[in-house]
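Next up, protein.tsv (TSV, C-alpha atoms and all ligand atoms):
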```
chain	number	residue	atom	x	y	z
A	1	MET	CA	267.17	213.03	-5.24
A	2	SER	CA	267.27	209.41	-4.11
A	3	ASP	CA	263.86	207.78	-3.83
A	4	ALA	CA	265.02	205.89	-0.75
A	5	VAL	CA	263.45	208.23	1.77
A	6	ARG	CA	262.57	206.68	5.10
A	7	GLU	CA	259.84	208.14	7.23
A	8	LEU	CA	259.60	207.15	10.88
A	9	THR	CA	257.19	208.47	13.48
A	10	VAL	CA	258.04	209.27	17.06
A	11	GLU	CA	254.83	208.18	18.77
A	12	LEU	CA	253.93	210.68	21.46
A	13	GLY	CA	250.15	210.88	21.12
A	14	GLU	CA	249.18	214.41	20.10
A	15	ARG	CA	252.84	215.43	20.08
A	16	SER	CA	253.90	212.69	17.62
A	17	TYR	CA	256.25	213.88	14.92
A	18	PRO	CA	257.89	212.49	11.77
A	19	ILE	CA	261.57	211.88	11.08
A	20	LEU	CA	262.46	212.01	7.39
A	21	ILE	CA	265.77	210.38	6.46
A	22	GLY	CA	267.32	210.36	3.00
A	23	GLN	CA	269.72	211.88	0.52
A	24	GLY	CA	269.17	215.27	-1.08
A	25	LEU	CA	266.28	216.27	1.19
A	26	LEU	CA	267.70	219.70	2.01
A	27	GLY	CA	266.58	222.07	-0.67
A	28	SER	CA	264.13	219.64	-2.24
A	29	ARG	CA	261.65	219.01	0.59
A	30	ASN	CA	258.91	221.53	1.21
A	31	LEU	CA	258.63	221.96	4.98
A	32	SER	CA	256.18	224.88	4.89
A	33	GLU	CA	253.31	222.55	5.86
A	34	TYR	CA	255.03	222.16	9.26
A	35	VAL	CA	255.04	225.91	9.83
A	36	GLN	CA	251.84	227.28	11.41
A	37	GLY	CA	252.46	231.00	10.96
A	38	SER	CA	254.17	232.99	8.25
A	39	GLN	CA	257.55	233.46	9.97
A	40	VAL	CA	260.57	231.16	10.17
A	41	LEU	CA	263.88	231.81	11.93
A	42	ILE	CA	266.71	229.48	10.91
A	43	VAL	CA	269.42	229.27	13.58
A	44	THR	CA	272.77	227.94	12.43
A	45	ASN	CA	276.48	228.62	12.94
A	46	GLU	CA	279.34	230.15	10.98
A	47	THR	CA	280.62	226.72	9.82
A	48	VAL	CA	277.31	225.26	8.66
A	49	ALA	CA	275.83	228.45	7.16
A	50	PRO	CA	278.08	228.63	4.07
A	51	LEU	CA	277.47	224.93	3.42
A	52	TYR	CA	273.73	224.49	3.87
A	53	LEU	CA	271.88	227.71	4.73
A	54	ASP	CA	270.72	228.50	1.20
A	55	ARG	CA	269.36	225.00	0.73
A	56	ALA	CA	267.63	225.12	4.12
A	57	LYS	CA	266.00	228.46	3.27
A	58	SER	CA	264.52	227.02	0.11
A	59	CYS	CA	262.64	224.40	2.15
A	60	PHE	CA	260.16	227.09	3.27
A	61	PRO	CA	258.46	228.50	0.14
A	62	GLY	CA	255.82	231.14	0.86
A	63	LYS	CA	257.22	231.90	4.32
A	64	SER	CA	259.18	234.87	5.56
A	65	VAL	CA	262.57	233.34	6.38
A	66	ASP	CA	265.04	235.04	8.65
A	67	THR	CA	268.41	233.72	9.89
A	68	VAL	CA	270.74	233.95	12.88
A	69	VAL	CA	274.33	232.75	12.48
A	70	LEU	CA	276.02	231.94	15.80
A	71	ALA	CA	279.67	231.38	16.63
A	72	ASP	CA	280.74	227.73	16.35
A	73	GLY	CA	281.64	225.63	19.38
A	74	GLU	CA	280.50	224.01	22.59
A	75	LYS	CA	281.84	226.99	24.53
A	76	TYR	CA	279.15	229.15	22.94
A	77	LYS	CA	276.32	226.93	24.24
A	78	ASP	CA	275.63	229.52	26.91
A	79	TRP	CA	273.24	232.27	28.03
A	80	GLN	CA	275.02	234.98	26.08
A	81	THR	CA	274.69	233.16	22.78
A	82	LEU	CA	271.13	232.07	23.57
A	83	ASN	CA	270.30	235.73	24.10
A	84	GLN	CA	271.43	236.51	20.56
A	85	ILE	CA	268.54	234.34	19.38
A	86	PHE	CA	266.03	236.15	21.64
A	87	ASP	CA	267.44	239.55	20.59
A	88	HIS	CA	266.96	238.66	16.95
A	89	LEU	CA	263.43	237.32	17.50
A	90	LEU	CA	262.34	240.47	19.35
A	91	GLN	CA	264.13	242.97	17.14
A	92	ASN	CA	262.51	241.41	14.08
A	93	ARG	CA	259.06	241.16	15.68
A	94	HIS	CA	258.70	237.42	15.55
A	95	SER	CA	255.27	236.45	16.80
A	96	ARG	CA	254.08	233.60	19.01
A	97	LYS	CA	253.48	231.59	15.84
A	98	THR	CA	257.02	231.83	14.53
A	99	THR	CA	258.86	228.57	13.89
A	100	LEU	CA	262.52	228.16	14.82
A	101	VAL	CA	264.67	225.85	12.71
A	102	ALA	CA	267.88	224.31	14.05
A	103	LEU	CA	270.36	223.80	11.21
A	104	GLY	CA	273.58	222.26	12.54
A	105	GLY	CA	274.98	219.81	15.05
A	106	GLY	CA	273.93	219.08	18.59
A	107	VAL	CA	275.08	222.45	19.91
A	108	VAL	CA	272.85	224.41	17.53
A	109	GLY	CA	270.03	221.90	18.04
A	110	ASP	CA	270.10	222.10	21.83
A	111	MET	CA	270.25	225.90	21.87
A	112	THR	CA	267.59	226.43	19.21
A	113	GLY	CA	265.25	223.95	20.88
A	114	PHE	CA	265.69	225.71	24.21
A	115	ALA	CA	265.10	229.11	22.63
A	116	ALA	CA	261.91	227.69	21.07
A	117	ALA	CA	260.81	226.28	24.43
A	118	CYS	CA	261.19	229.71	26.05
A	119	TYR	CA	260.32	232.35	23.43
A	120	GLN	CA	256.87	233.75	24.22
A	121	ARG	CA	256.41	230.71	26.51
A	122	GLY	CA	257.01	228.26	23.68
A	123	VAL	CA	256.97	228.28	19.88
A	124	PRO	CA	257.28	225.38	17.41
A	125	PHE	CA	260.65	224.24	16.10
A	126	ILE	CA	262.12	221.99	13.42
A	127	GLN	CA	265.35	220.02	13.63
A	128	ILE	CA	267.69	219.74	10.62
A	129	PRO	CA	270.67	217.94	12.18
A	130	THR	CA	273.89	217.97	10.15
A	131	THR	CA	276.32	215.89	12.26
A	132	LEU	CA	276.15	212.13	12.69
A	133	LEU	CA	275.80	212.55	16.45
A	134	SER	CA	272.90	214.93	16.12
A	135	GLN	CA	271.24	212.73	13.47
A	136	VAL	CA	271.37	209.55	15.56
A	137	ASP	CA	270.92	211.08	18.99
A	138	SER	CA	270.42	214.69	19.99
A	139	SER	CA	267.80	215.81	17.44
A	140	VAL	CA	265.31	213.20	18.63
A	141	GLY	CA	263.79	213.03	22.09
A	142	GLY	CA	263.11	216.69	22.82
A	143	LYS	CA	265.98	217.37	25.23
A	144	THR	CA	267.12	220.98	24.83
A	145	GLY	CA	269.34	223.27	26.84
A	146	ILE	CA	272.56	225.14	27.43
A	147	ASN	CA	275.61	224.77	29.62
A	148	HIS	CA	276.24	226.64	32.89
A	149	PRO	CA	279.75	227.47	34.16
A	150	LEU	CA	279.08	224.92	36.93
A	151	GLY	CA	277.86	222.10	34.69
A	152	LYS	CA	277.06	220.90	31.18
A	153	ASN	CA	273.41	220.90	30.04
A	154	MET	CA	272.35	222.18	33.46
A	155	VAL	CA	269.69	224.59	32.19
A	156	GLY	CA	267.09	223.35	29.75
A	157	ALA	CA	263.65	222.04	28.93
A	158	PHE	CA	261.89	219.23	27.10
A	159	HIS	CA	260.46	220.54	23.84
A	160	GLN	CA	259.51	218.25	20.94
A	161	PRO	CA	260.12	219.30	17.32
A	162	GLU	CA	257.43	219.42	14.61
A	163	ILE	CA	259.61	217.32	12.30
A	164	VAL	CA	263.21	216.12	12.09
A	165	LEU	CA	264.70	216.26	8.59
A	166	ILE	CA	267.87	214.22	8.20
A	167	ASP	CA	269.68	214.75	4.91
A	168	THR	CA	272.46	212.17	4.96
A	169	ASP	CA	274.31	214.12	2.23
A	170	THR	CA	275.33	216.64	4.91
A	171	LEU	CA	277.65	214.00	6.39
A	172	SER	CA	279.93	214.31	3.36
A	173	SER	CA	281.37	217.61	4.67
A	174	LEU	CA	281.81	216.41	8.24
A	175	PRO	CA	285.40	216.22	9.56
A	176	PRO	CA	286.50	212.60	10.30
A	177	ARG	CA	286.71	213.38	14.03
A	178	GLU	CA	283.02	214.27	14.11
A	179	VAL	CA	282.11	211.15	12.13
A	180	ALA	CA	284.00	209.09	14.72
A	181	ALA	CA	282.14	210.80	17.58
A	182	GLY	CA	278.82	209.91	15.96
A	183	LEU	CA	279.88	206.33	15.27
A	184	ALA	CA	280.88	205.91	18.92
A	185	GLU	CA	277.33	206.86	19.85
A	186	VAL	CA	275.91	204.36	17.34
A	187	ILE	CA	278.11	201.61	18.81
A	188	LYS	CA	276.89	202.49	22.32
A	189	TYR	CA	273.29	202.03	21.12
A	190	GLY	CA	274.23	198.72	19.51
A	201	LIG	N1	269.72	216.89	23.32
A	201	LIG	C1	270.22	215.70	23.41
A	201	LIG	O1	269.52	214.70	23.62
A	201	LIG	C2	271.71	215.52	23.23
A	201	LIG	C3	272.25	214.23	23.13
A	201	LIG	C4	273.61	214.11	22.90
A	201	LIG	C5	274.42	215.25	22.79
A	201	LIG	N2	273.86	216.48	22.91
A	201	LIG	C6	274.66	217.69	22.77
A	201	LIG	O2	275.12	217.76	21.44
A	201	LIG	C7	276.33	218.53	21.42
A	201	LIG	C8	277.35	217.84	20.55
A	201	LIG	O3	276.82	217.75	19.24
A	201	LIG	P1	277.75	217.54	17.98
A	201	LIG	O4	278.66	216.39	18.23
A	201	LIG	O5	276.87	217.52	16.78
A	201	LIG	O6	278.71	218.83	18.02
A	201	LIG	P2	278.63	220.27	17.30
A	201	LIG	O7	277.25	220.74	17.20
A	201	LIG	O8	279.61	221.11	18.03
A	201	LIG	O9	279.18	219.93	15.84
A	201	LIG	C9	280.52	219.51	15.68
A	201	LIG	C10	281.26	220.37	14.65
A	201	LIG	O10	280.81	220.02	13.33
A	201	LIG	C11	280.42	221.21	12.64
A	201	LIG	N3	279.42	220.78	11.67
A	201	LIG	C12	278.12	220.51	11.88
A	201	LIG	N4	277.57	219.97	10.79
A	201	LIG	C13	278.53	219.94	9.84
A	201	LIG	C14	278.58	219.49	8.50
A	201	LIG	N5	277.53	218.87	7.92
A	201	LIG	N6	279.74	219.61	7.81
A	201	LIG	C15	280.85	220.16	8.41
A	201	LIG	N7	280.88	220.57	9.69
A	201	LIG	C16	279.73	220.46	10.39
A	201	LIG	C17	279.96	222.13	13.73
A	201	LIG	O11	279.93	223.47	13.29
A	201	LIG	C18	281.01	221.85	14.80
A	201	LIG	O12	282.19	222.55	14.52
A	201	LIG	C19	276.77	218.69	22.86
A	201	LIG	O13	276.51	220.01	23.29
A	201	LIG	C20	275.90	217.71	23.62
A	201	LIG	O14	275.61	218.14	24.93
A	201	LIG	C21	272.53	216.63	23.12
```

Translate this structure into structure tokens?
Ligand SMILES: NC(=O)c1ccc[n+]([C@@H]2O[C@H](COP(=O)([O-])OP(=O)(O)OC[C@H]3O[C@@H](n4cnc5c(N)ncnc54)[C@H](O)[C@@H]3O)[C@@H](O)[C@H]2O)c1
Amino acid sequence: MSDAVRELTVELGERSYPILIGQGLLGSRNLSEYVQGSQVLIVTNETVAPLYLDRAKSCFPGKSVDTVVLADGEKYKDWQTLNQIFDHLLQNRHSRKTTLVALGGGVVGDMTGFAAACYQRGVPFIQIPTTLLSQVDSSVGGKTGINHPLGKNMVGAFHQPEIVLIDTDTLSSLPPREVAAGLAEVIKYG
């Protein structure tokens, strides 16, 4: 693992949280200290799961780690897919102390954050963004939500993560089109 790990803090008083940025963090960082209870549910999608799910699971030693793999695409950022997360949480008796983990791009991040904001009136969540856009933008700031047939991101909530873990190695598998979308966002910030 590279020793060039950057740690930033999003200053929000009692809700402040760290952002860890570096290479090789997935699978080598222990995130269990950010999990209050014993249960973790990693939410990801069918594209990201084969690439990074095993490494993400190993970030939570000593915890009971469960996973939900959603279909991939913006068109699945909807109630029906969100309900798959709630179904899984309830069927597997996840408590009010469970921690949700978003492993994927902005779609997975927005849906997982919203599920965490709603489940049992709010449970903690962790962001592990794997696209450039989600690393520079959507994983930070606490905006979560889903689309409605009448408008994008029309149903949602603000919910801050416990930590954002950005492993820049995940960008190596990103299609060029997605890299370009993220760079466009970086240029807009510039
Ligand atoms: N919450 C916010 O503040 C905020 C801000 C900006 C955008 N957004 C939302 O973010 C979403 C767009 O996010 P996005 O651009 O990350 O799209 P995305 O989540 O759809 O990811 C793009 C594609 O890359 C795949 N992918 C993800 N990580 C990968 C990896 N490491 N290697 C290979 N493939 C990978 C995904 O499966 C998907 O097919 C939109 O829904 C938008 O509304 C939210």

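Counting all atoms listed in the file, range 44-61 of chain A has the following residues at most 9 Å away, ignoring those fewer than 6 positions along the same chain: Leu25, Leu26, Gly27, Ser28, Arg29, Asn30, Leu31, Ser32, Glu33, Val35, Thr67, Val68, Val69, Leu70, Ala71, Asp72, Gly73, Val101, Ala102, Leu103, Gly104, Gly105, Val108, Gly109, Thr112, Ile128, Thr130, Thr170 and Ser173 of chain A.
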
Give the padded box for ligand LIG 201 (chain A) as AutoDock Vina command-line options: axis-aligned, covering all atoms listed in the file, 6 Å on each side, centre and edge lengths in Å to one decimal.
```
--center_x 275.9 --center_y 218.8 --center_z 16.4 --size_x 24.7 --size_y 21.4 --size_z 29.1
```

Inset, instruction - May I ask which of the residues A:Val164, A:Val10, A:Val40, A:Leu100 is the closest one to Pro124 in chain A, counting only C-alpha atoms? - result: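 Once distances to Pro124 in chain A are computed over only C-alpha atoms, the minimum belongs to A:Leu100.
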
Legend entry - A:Gln135, A:Gln39, A:Asn153, A:Ser95 ranked by distance to Gly22 in chain A, top pick (using only C-alpha atoms):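 Among the listed residues, A:Gln135 lies closest to Gly22 in chain A.
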
Legend entry - Contacts of Glu11 in chain A at 12 Å (all atoms listed in the file; same-chain gap of 5+ positions) as a PyMOL selection string: chain A and resi 16-19+140-141+160

Legend entry - Distance in Å - atom C21 of ligand LIG 201 (chain A) versus CA of Val65 in chain A: 25.7 Å

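Every protein, DNA or RNA residue with an atom at most 10 Å from Ala115 in chain A, where all atoms listed in the file count and chain neighbours fewer than 5 positions away do not, is listed here: A:Leu82, A:Asn83, A:Gln84, A:Ile85, A:Phe86, A:Leu89, A:Leu100, A:Gly109, A:Asp110, A:Gln120, A:Arg121, A:Gly122, A:Val123, A:Phe125, A:Thr144, A:Gly145, A:Ile146, A:Gly156, A:Ala157, A:His159.
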
Legend entry - Between atom C13 of ligand LIG 201 (chain A) and CA of Gly24 in chain A, distance in Å (one decimal): 15.1 Å

Legend entry - Pick from A:Glu14, A:Glu74, A:Glu7, A:Asp87, whichever lies nearest to ligand LIG 201 (chain A) using all atoms listed in the file: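 Going through A:Glu14, A:Glu74, A:Glu7, A:Asp87 one by one, the smallest distance to ligand LIG 201 (chain A) is for A:Glu74.
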
Inset, instruction - Report the distance between atom C13 of ligand LIG 201 (chain A) and CA of Pro149 in chain A in Å, rounded to one decimal place. - result: 25.5 Å
